[in-house]
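File shown here: query_22.txt, holding compact mmCIF, C-alpha atoms.
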# COMPACT_ATOMS: atom_id res chain seq x y z
CA MET A 819 48.81 -16.37 32.62
CA THR A 820 48.24 -15.23 36.20
CA GLU A 821 48.12 -17.54 39.16
CA SER A 822 44.39 -16.94 39.66
CA GLN A 823 43.69 -17.93 36.03
CA ASN A 824 45.80 -21.03 36.51
CA ASP A 825 43.80 -21.97 39.64
CA ASN A 826 40.57 -21.71 37.64
CA ASP A 827 41.88 -24.27 35.14
CA ASN A 828 42.64 -26.80 37.92
CA ILE A 829 40.51 -28.80 40.35
CA LYS A 830 41.50 -29.69 43.91
CA HIS A 831 41.05 -33.39 44.63
CA PRO A 832 38.55 -33.68 47.55
CA THR A 833 40.39 -36.38 49.55
CA THR A 834 44.07 -35.89 48.76
CA GLY A 835 44.00 -32.14 48.27
CA SER A 836 46.25 -32.40 45.24
CA VAL A 837 45.61 -30.08 42.34
CA GLN A 838 44.73 -31.73 39.03
CA PRO A 839 43.96 -30.21 35.66
CA ASP A 840 40.28 -29.80 34.84
CA VAL A 841 39.76 -32.32 32.02
CA SER A 842 36.15 -31.28 31.61
CA ALA A 843 37.22 -27.79 30.48
CA PRO A 844 37.20 -27.27 26.73
CA SER A 845 40.51 -28.01 25.10
CA LYS A 846 42.38 -24.98 23.83
CA SER A 847 43.28 -26.93 20.68
CA LYS A 848 39.66 -27.59 19.56
CA PRO A 849 39.25 -24.20 17.82
CA ALA A 850 42.56 -24.79 16.04
CA ARG A 851 41.42 -28.30 15.03
CA ARG A 852 38.15 -26.90 13.71
CA GLY A 853 40.12 -24.41 11.65
CA TRP A 854 42.23 -27.17 10.11
CA ILE A 855 39.17 -29.28 9.38
CA PHE A 856 37.54 -26.31 7.65
CA ILE A 857 40.69 -25.71 5.58
CA LEU A 858 40.89 -29.38 4.58
CA ILE A 859 37.21 -29.45 3.55
CA ALA A 860 37.68 -26.26 1.53
CA LEU A 861 40.76 -27.70 -0.22
CA ALA A 862 38.90 -30.93 -1.01
CA ALA A 863 36.00 -28.93 -2.50
CA ILE A 864 38.39 -26.88 -4.64
CA ALA A 865 40.14 -30.05 -5.85
CA PHE A 866 36.80 -31.65 -6.74
CA ILE A 867 35.75 -28.59 -8.74
CA MET A 868 39.09 -28.50 -10.58
CA ILE A 869 38.87 -32.20 -11.46
CA ARG A 870 35.26 -31.86 -12.58
CA ASP A 871 36.09 -28.85 -14.76
CA ALA A 872 39.12 -30.57 -16.24
CA ARG A 873 36.95 -33.36 -17.62
CA GLN A 874 37.45 -34.22 -21.22
CA SER A 875 34.93 -32.96 -23.75
CA ILE A 876 34.11 -33.61 -27.39
CA GLU A 877 36.63 -31.88 -29.64
CA TRP A 878 34.31 -29.79 -31.80
CA ALA A 879 35.71 -28.20 -34.96
CA GLY A 880 35.10 -24.49 -35.24
CA ASP A 881 33.13 -24.68 -38.49
CA TYR A 882 32.08 -27.04 -41.24
CA GLN A 883 34.94 -26.25 -43.68
CA SER A 884 37.65 -26.76 -41.06
CA ALA A 885 35.99 -30.04 -40.03
CA VAL A 886 36.06 -31.27 -43.64
CA GLN A 887 39.73 -30.31 -43.98
CA GLN A 888 40.63 -32.01 -40.70
CA ALA A 889 38.70 -35.15 -41.71
CA GLN A 890 40.58 -35.29 -45.02
CA GLN A 891 43.92 -34.94 -43.20
CA THR A 892 43.16 -37.52 -40.50
CA HIS A 893 41.18 -39.93 -42.71
CA LYS A 894 38.36 -39.94 -40.17
CA PRO A 895 34.66 -39.66 -40.98
CA LEU A 896 32.77 -36.50 -40.15
CA PHE A 897 30.33 -36.39 -37.25
CA LEU A 898 27.89 -33.57 -38.03
CA VAL A 899 25.44 -32.57 -35.32
CA PHE A 900 22.49 -30.50 -36.52
CA VAL A 901 20.89 -28.50 -33.72
CA LYS A 902 18.58 -25.56 -33.17
CA THR A 903 19.03 -23.02 -30.39
CA GLY A 904 16.40 -23.48 -27.71
CA ASP A 905 15.34 -26.98 -28.83
CA SER A 906 14.76 -29.11 -25.71
CA ASP A 907 16.12 -32.37 -27.19
CA CYS A 908 19.26 -30.59 -28.40
CA GLU A 909 19.77 -29.19 -24.90
CA ARG A 910 19.25 -32.63 -23.34
CA MET A 911 21.87 -34.15 -25.65
CA LYS A 912 24.28 -31.35 -24.76
CA ASN A 913 23.71 -31.64 -21.01
CA PHE A 914 23.35 -35.39 -20.56
CA THR A 915 24.68 -37.36 -23.53
CA TYR A 916 27.64 -35.40 -24.89
CA VAL A 917 29.19 -35.15 -21.41
CA ASN A 918 29.41 -38.93 -20.92
CA ASP A 919 33.09 -40.01 -20.76
CA ARG A 920 32.54 -43.13 -22.89
CA ILE A 921 30.79 -41.10 -25.60
CA ILE A 922 33.45 -38.38 -25.53
CA LYS A 923 36.25 -40.92 -25.98
CA TYR A 924 34.45 -42.80 -28.76
CA ILE A 925 33.58 -39.67 -30.74
CA ASN A 926 37.04 -38.08 -30.33
CA ARG A 927 38.77 -41.33 -31.33
CA ASN A 928 36.62 -42.05 -34.40
CA PHE A 929 35.38 -38.76 -35.85
CA VAL A 930 36.01 -35.15 -36.67
CA SER A 931 33.01 -33.44 -35.08
CA VAL A 932 31.20 -30.20 -35.73
CA VAL A 933 27.95 -28.68 -34.47
CA LEU A 934 25.80 -26.98 -37.10
CA ASP A 935 22.83 -24.73 -36.43
CA VAL A 936 20.10 -26.01 -38.74
CA GLU A 937 18.88 -22.47 -39.43
CA LEU A 938 22.34 -21.21 -40.37
CA SER A 939 23.29 -24.32 -42.39
CA LYS A 940 20.12 -24.74 -44.48
CA LYS A 941 21.87 -26.13 -47.57
CA LEU A 942 23.58 -28.85 -45.56
CA ALA A 943 20.39 -29.55 -43.61
CA ASP A 944 18.52 -29.98 -46.90
CA LYS A 945 21.29 -32.16 -48.34
CA TYR A 946 21.08 -34.55 -45.36
CA LYS A 947 17.27 -34.32 -45.17
CA ILE A 948 17.27 -33.07 -41.58
CA SER A 949 13.73 -33.21 -40.19
CA LYS A 950 14.19 -34.10 -36.51
CA LEU A 951 16.52 -32.41 -34.06
CA PRO A 952 19.11 -33.07 -33.08
CA THR A 953 20.27 -35.16 -36.01
CA HIS A 954 23.71 -36.74 -36.08
CA VAL A 955 25.16 -37.38 -39.52
CA ILE A 956 28.14 -39.64 -40.12
CA THR A 957 29.79 -39.20 -43.48
CA PHE A 958 33.17 -39.20 -45.15
CA PRO A 959 34.85 -35.99 -46.29
CA ASP A 960 33.79 -36.69 -49.91
CA GLN A 961 30.19 -36.88 -48.55
CA SER A 962 29.27 -39.58 -51.06
CA GLU A 963 27.45 -41.63 -48.44
CA PHE A 964 26.05 -40.89 -45.03
CA ARG A 965 24.13 -42.39 -42.13
CA THR A 966 21.99 -40.53 -39.62
CA VAL A 967 21.16 -40.99 -35.96
CA PRO A 968 18.12 -38.73 -35.44
CA GLY A 969 16.67 -37.34 -32.23
CA TYR A 970 17.56 -37.45 -28.57
CA VAL A 971 19.43 -40.61 -27.57
CA ILE A 972 20.28 -41.47 -23.97
CA ALA A 973 23.95 -41.88 -23.16
CA GLY A 974 23.69 -45.64 -22.60
CA GLU A 975 22.49 -46.24 -26.16
CA PHE A 976 24.35 -43.55 -28.08
CA VAL A 977 27.71 -45.27 -28.66
CA GLY A 978 25.96 -48.42 -29.89
CA ARG A 979 23.89 -46.43 -32.37
CA LEU A 980 26.98 -44.58 -33.60
CA LYS A 981 28.89 -47.85 -34.00
CA ARG A 982 26.06 -49.41 -36.02
CA ALA A 983 25.83 -46.34 -38.26
CA LEU A 984 29.60 -46.32 -38.80
CA GLU A 985 29.65 -50.06 -39.54
CA LYS A 986 26.97 -49.61 -42.22
CA LEU A 987 28.96 -46.77 -43.73
CA ASP A 988 32.35 -48.48 -43.45
CA PRO A 989 32.16 -52.18 -42.47
CA GLN A 990 35.96 -52.33 -41.99
CA LYS A 991 36.01 -49.44 -39.47
CA ASN A 992 34.83 -51.36 -36.38

Please lay out the structure from this file as C-alpha cells.
Amino acid sequence: MTESQNDNDNIKHPTTGSVQPDVSAPSKSKPARRGWIFILIALAAIAFIMIRDARQSIEWAGDYQSAVQQAQQTHKPLFLVFVKTGDSDCERMKNFTYVNDRIIKYINRNFVSVVLDVELSKKLADKYKISKLPTHVITFPDQSEFRTVPGYVIAGEFVGRLKRALEKLDPQKN
C-alpha cells in the first residue's frame, strides 16, 4: 500500500492534528464476513435437504406374493393398499397421510405392506370387494378374515382407524 493510499484511509484530527483511522470507511473484513455467512446458509440448506430426504418411509413390499411370504415369516398381518393411478384421493393419501412419521412407524411396526393397482389386481380387488379408492385391507397371510379402511383418511385419524380395524381382526394384537 502506498503512502498516499494510507493517507486516504486516515483522518487528521482538527484540533490536535493527530492522524486517526477513518472508522466510517467500510471495513475490509465485511466482504469476507458476507462470504462466510453465505457459506453457512448454504451448508444449513444442504443439511436440511439431506435430513428431509433421509426421512423414514413406509416399507412397501415389491409385490403381493413377496408380501404374503414376508407376513408368514414375521407373523404380521398384511396391509394391502388398493389404488388407481391418477385417482385424487390416492394421491392425497400418498402425499399427505403416508408421509406422517407416526403413521410410518405404526404401519412398519405392525404390518407387511404392499400397494396394489386395482386395475392390475382385479381378482384381489374383487375378493376384498374394493369399491372406493384408496382402500386399505388388513388381513392375515391365510386371508381367512379381513377388515377394510376405505377412502381418503387424514393423517390425524388414520392410525386410530387402523388400530380399530386390527383390534377387530385380532383383539390380542393391541

Query raised in the report: So, counting only C-alpha atoms, which residue among A:Glu975, A:Leu987, A:Asp907, A:Ile921 is closest to A:Lys950?
Result: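 Of the candidates, the smallest distance to A:Lys950 is held by A:Asp907.
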
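Distance annotation: of A:Leu934, A:Ala973, A:Leu980, A:Val917, the residue with the minimal separation from A:Ile948 is A:Leu934; atom set is all atoms listed in the file.
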
Report task. Extract, using only C-alpha atoms, all DNA, RNA and protein residues at most 10 Å from A:Tyr916, discarding same-chain residues fewer than 5 positions from it, and format them as number ranges by chain. Result -> A: 875-876, 910-911, 921-922, 925, 972-973, 976

Report summary line: Residue with the minimum atom-to-atom distance to A:Val886, picked from A:Leu951, A:Ala943, A:Ile855, A:Val932 with only C-alpha atoms counted, is A:Val932

**Report entry** Within 12 Å of A:Val899 using only C-alpha atoms, minus same-chain residues under 4 positions, as a ChimeraX atom specification
**Finding:** /A:876,878-879,881-882,885,908,911-912,916,925,929-936,939,942-943,946,948,950-957,966-970

Report task. With a distance cut-off of 9 Å and all atoms listed in the file, select the neighbouring residues of A:Phe958, excluding the residue or stretch itself and same-chain residues fewer than 6 positions from it, and output the selection as number ranges by chain. Result -> A: 886, 889-890, 893-897, 964, 987

Report task. Tell me which of A:Ala860, A:Thr915, A:Gln887, A:Arg927 sits closest to A:Asp960, counting all atoms listed in the file. Result -> A:Gln887

Query - Coordinates-based distance that separates atom CA of A:Glu963 from atom CA of A:Asp905 (Å, one decimal) - result: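 According to the coordinates, atom CA of A:Asp905 and atom CA of A:Glu963 are separated by 27.3 Å.
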
Query raised in the report: Quick one, how far is atom CA of A:Lys923 from atom CA of A:Pro959?
Result: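 Interatomic distance here is 20.9 Å.
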
**Report entry** Computed interatomic separation between atom CA of A:Lys940 and atom CA of A:Leu898 (Å)
**Finding:**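 Answer for the atom CA of A:Lys940 to atom CA of A:Leu898 separation: 13.4 Å.
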
Query raised in the report: Which is closest to A:Asp919 among A:Ala983, A:Ala850, A:Ala863, A:Val977, if we use only C-alpha atoms?
Result: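 When distances to A:Asp919 are compared using only C-alpha atoms, the smallest one comes from A:Val977.
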
Query raised in the report: Using all atoms listed in the file, which of the listed residues (A:Ala865, A:Ser949, A:Asn928, A:Arg852) sits closest to A:Phe900?
Result: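 Smallest distance to A:Phe900 is found for A:Ser949.
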